[in-house]
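J.: Below is one structure. I have some questions about it.
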Amino acid sequence: MLVAIETSTEVGSIAIGDGSKLLGEVAIGIHSRHAEMLLPALDFLLRSTRTERSALTGVVVGAGPGSFTGVRIAGATARGLARGLDLPLYAFSSLAVLAAPLATDRAVCALFDARRGEVYAACHARSGGKLVTLMAPAVCSADDLRERVAEWDPLFAGDGAQRYADALRIAPPASISPRAQALLTLAVEQPEDGRVLDIAAWEPEYLRASGAERGIAG
């Protein structure tokens, strides 16, 4: 029985389930503050699904990239839960979380808007029933990305693909966000790919410094 946390984009979520069965999922909306909502949402899920904390067997987190604040909050919360409850921690790229439900033998390129004319991007596909990485998470311009992924003719997804559809030369896709439910599936199907061996030392995958560290707003 796993708890999953994903807050790398404006619409976050938290879920409880065993991978094959989703017991409950709560969306943390675009106008919510993830820091204030995560623990109340977890408490609500535990009570509404009648799940005792002692029944939890692991914590799964979307490790970024994405919103610096959202990724940091999810990482700190997941690490605290894992250490506090003495549970294993699993971490997967938030771009993989977005791609996982869409991926087939055709590649999926997941994009988050990184601002400043750039995107966070990664490409994945299914092979032998597993999600495999074709292009590791990177931050780049949409023009550069189009050239890098042309050989795979991927399906584009995410708010980055929607914002930079013209540069990618695609029709704007529907706006979707990574969901905690997909994290549960990844943790059950591919646990070895996400297992964090040193929880105390683990950090999310930011890809670049925060706005404050770069000396800019946001």
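Following the order of the structure tokens, first chain is A, next is B, and so on, with residues numbered from 1 inside each chain and ligands from 1 in the order they appear.
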Might you pull out every residue within 9 Å of Glu203 of chain A, with only C-alpha atoms counted and same-chain residues fewer than 6 positions away left off, and present them as number ranges by chain?
T.: A: 63, 72, 75-76
J.: What's around Pro154 of chain A at 10 Å? Count only C-alpha atoms, leave out sequence neighbours fewer than 2 positions away in its own chain, and write the answer as a compact mmCIF listing (two decimals) with N, CA and C atoms, in the first residue's frame.
T.:
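What follows is the written file part20.txt:
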# COMPACT_ATOMS: atom_id res chain seq x y z
N ALA A 103 2.35 6.49 -23.11
CA ALA A 103 3.38 5.84 -23.90
C ALA A 103 2.95 4.48 -24.44
N ARG A 106 5.17 4.02 -29.65
CA ARG A 106 5.52 5.35 -30.14
C ARG A 106 6.01 6.20 -28.98
N ALA A 107 7.04 6.96 -29.23
CA ALA A 107 7.62 7.79 -28.18
C ALA A 107 6.66 8.89 -27.75
N VAL A 108 6.76 9.25 -26.48
CA VAL A 108 6.05 10.40 -25.92
C VAL A 108 7.08 11.37 -25.39
N CYS A 109 7.01 12.60 -25.84
CA CYS A 109 7.90 13.64 -25.35
C CYS A 109 7.10 14.52 -24.39
N ALA A 110 7.42 14.44 -23.11
CA ALA A 110 6.72 15.21 -22.09
C ALA A 110 7.45 16.53 -21.86
N CYS A 123 11.92 12.18 -23.27
CA CYS A 123 11.17 11.30 -24.16
C CYS A 123 11.20 9.87 -23.63
N HIS A 124 10.03 9.22 -23.69
CA HIS A 124 9.89 7.84 -23.23
C HIS A 124 9.06 7.04 -24.21
N ALA A 125 9.21 5.73 -24.13
CA ALA A 125 8.39 4.81 -24.92
C ALA A 125 8.25 3.51 -24.13
N ARG A 146 12.97 20.21 -30.85
CA ARG A 146 12.38 19.66 -32.07
C ARG A 146 13.42 18.90 -32.89
N VAL A 149 14.58 15.42 -31.10
CA VAL A 149 13.65 14.29 -31.00
C VAL A 149 13.04 13.90 -32.34
N ALA A 150 13.46 14.55 -33.41
CA ALA A 150 12.84 14.32 -34.72
C ALA A 150 12.89 12.86 -35.14
N GLU A 151 13.95 12.17 -34.80
CA GLU A 151 14.10 10.77 -35.23
C GLU A 151 13.03 9.85 -34.66
N TRP A 152 12.42 10.25 -33.54
CA TRP A 152 11.41 9.39 -32.91
C TRP A 152 9.99 9.75 -33.31
N PHE A 156 3.69 14.74 -28.42
CA PHE A 156 4.07 15.75 -27.43
C PHE A 156 2.94 15.94 -26.42
N ALA A 157 3.31 16.14 -25.15
CA ALA A 157 2.32 16.31 -24.10
C ALA A 157 2.85 17.27 -23.05
J.: From a DSSP calculation on the backbone, collect every residue of segment 52-191 of chain A in strand (DSSP E or B) and output the set as an MDAnalysis selection string.
T.: chainID A and resid 58:62 89:92 108:115 118:127 130:141 155:157
J.: Can I get the selected residues back with C-alpha atoms, as a CSV table (one decimal), in the first residue's frame?
T.:
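Saved result, selection-v8.csv, follows:
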chain,number,residue,atom,x,y,z
A,58,GLY,CA,6.2,2.8,0.8
A,59,VAL,CA,6.3,6.4,-0.4
A,60,VAL,CA,6.5,7.4,-4.1
A,61,VAL,CA,7.3,11.0,-5.3
A,62,GLY,CA,7.5,12.9,-8.5
A,89,LEU,CA,11.2,5.8,-0.8
A,90,TYR,CA,10.7,5.6,-4.6
A,91,ALA,CA,11.4,8.6,-6.9
A,92,PHE,CA,10.6,8.9,-10.6
A,108,VAL,CA,6.0,10.4,-25.9
A,109,CYS,CA,7.9,13.6,-25.3
A,110,ALA,CA,6.7,15.2,-22.1
A,111,LEU,CA,7.3,19.0,-21.7
A,112,PHE,CA,6.8,21.3,-18.8
A,113,ASP,CA,7.0,25.1,-19.4
A,114,ALA,CA,10.4,26.2,-17.8
A,115,ARG,CA,9.8,29.9,-18.6
A,118,GLU,CA,12.6,27.1,-22.4
A,119,VAL,CA,11.1,23.7,-21.6
A,120,TYR,CA,11.9,20.8,-19.3
A,121,ALA,CA,11.7,17.8,-21.6
A,122,ALA,CA,12.2,14.0,-21.8
A,123,CYS,CA,11.2,11.3,-24.2
A,124,HIS,CA,9.9,7.8,-23.2
A,125,ALA,CA,8.4,4.8,-24.9
A,126,ARG,CA,7.2,1.3,-23.9
A,127,SER,CA,9.4,-1.7,-24.6
A,130,LYS,CA,8.2,-1.2,-19.3
A,131,LEU,CA,8.7,2.5,-19.7
A,132,VAL,CA,12.1,3.2,-21.1
A,133,THR,CA,13.9,6.5,-21.5
A,134,LEU,CA,14.9,7.7,-24.9
A,135,MET,CA,16.0,11.1,-23.9
A,136,ALA,CA,16.9,11.9,-20.3
A,137,PRO,CA,15.3,15.0,-18.7
A,138,ALA,CA,16.9,18.2,-20.0
A,139,VAL,CA,16.2,21.9,-20.2
A,140,CYS,CA,16.3,23.5,-23.6
A,141,SER,CA,14.5,25.7,-26.1
A,155,LEU,CA,3.7,12.5,-29.4
A,156,PHE,CA,4.1,15.7,-27.4
A,157,ALA,CA,2.3,16.3,-24.1
J.: Need to verify the contact set: Phe44 of chain A, 12 Å, only C-alpha atoms, exclusion of same-chain residues closer than 4 positions in sequence. Can you return it as an NGL selection string?
T.: :A and (14-16 or 24-27 or 37-40 or 48-52)
J.: Enumerate the residues of segment 58-190 of chain A with a DSSP assignment of alpha helix (DSSP H), computed from the backbone, and present them as a PyMOL selection string.
T.: chain A and resi 68-84+94-99+142-149+159-163+165-168+180-189
J.: Would you pick out the contacts of Glu36 of chain A at 12 Å or less, using only C-alpha atoms, so that residues sharing its chain but fewer than 5 positions from it are not included, and give the list as a list of chain:residue names?
T.: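 In the requested form, the answer reads A:Ile28, A:Gly29, A:His31, A:Ala41, A:Leu42, A:Gly70, A:Ile73, A:Ala74, A:Thr77.
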J.: Would you export the selected residues with C-alpha atoms as a PDB file, in the first residue's frame, please?
T.:
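Everything below was put into again.pdb:
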ATOM      1  CA  ILE A  28      -4.443  20.004  -5.406  1.00  0.00           C
ATOM      2  CA  GLY A  29      -5.763  22.722  -7.676  1.00  0.00           C
ATOM      3  CA  HIS A  31      -5.049  28.140  -6.917  1.00  0.00           C
ATOM      4  CA  ALA A  41      -4.865  15.993   1.665  1.00  0.00           C
ATOM      5  CA  LEU A  42      -2.962  12.939   2.912  1.00  0.00           C
ATOM      6  CA  GLY A  70       6.457  22.371  -5.931  1.00  0.00           C
ATOM      7  CA  ILE A  73       7.845  20.608  -1.223  1.00  0.00           C
ATOM      8  CA  ALA A  74       6.998  17.179  -2.631  1.00  0.00           C
ATOM      9  CA  THR A  77       7.300  15.801   2.368  1.00  0.00           C
TER      10      THR A  77
END
J.: Looking at A:Pro172, A:Ala180, A:Tyr164, A:Glu192, which one is nearest to Thr7 of chain A, with distances taken over only C-alpha atoms?
T.: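 Checking each of A:Pro172, A:Ala180, A:Tyr164, A:Glu192 against Thr7 of chain A, counting only C-alpha atoms, the winner is A:Ala180.
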J.: Let me make sure I understand: among A:Asp18, A:Ser8, A:Ser93, A:Ala171, which one has the smallest atom-to-atom distance to Asp193 of chain A if we use only C-alpha atoms?
T.: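 Among the listed residues, the smallest separation from Asp193 of chain A belongs to A:Ser93.
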J.: For Arg47 of chain A, which residue out of A:Ala35, A:Ile5, A:Leu23, A:Ala165 is the nearest one, using only C-alpha atoms?
T.: A:Leu23
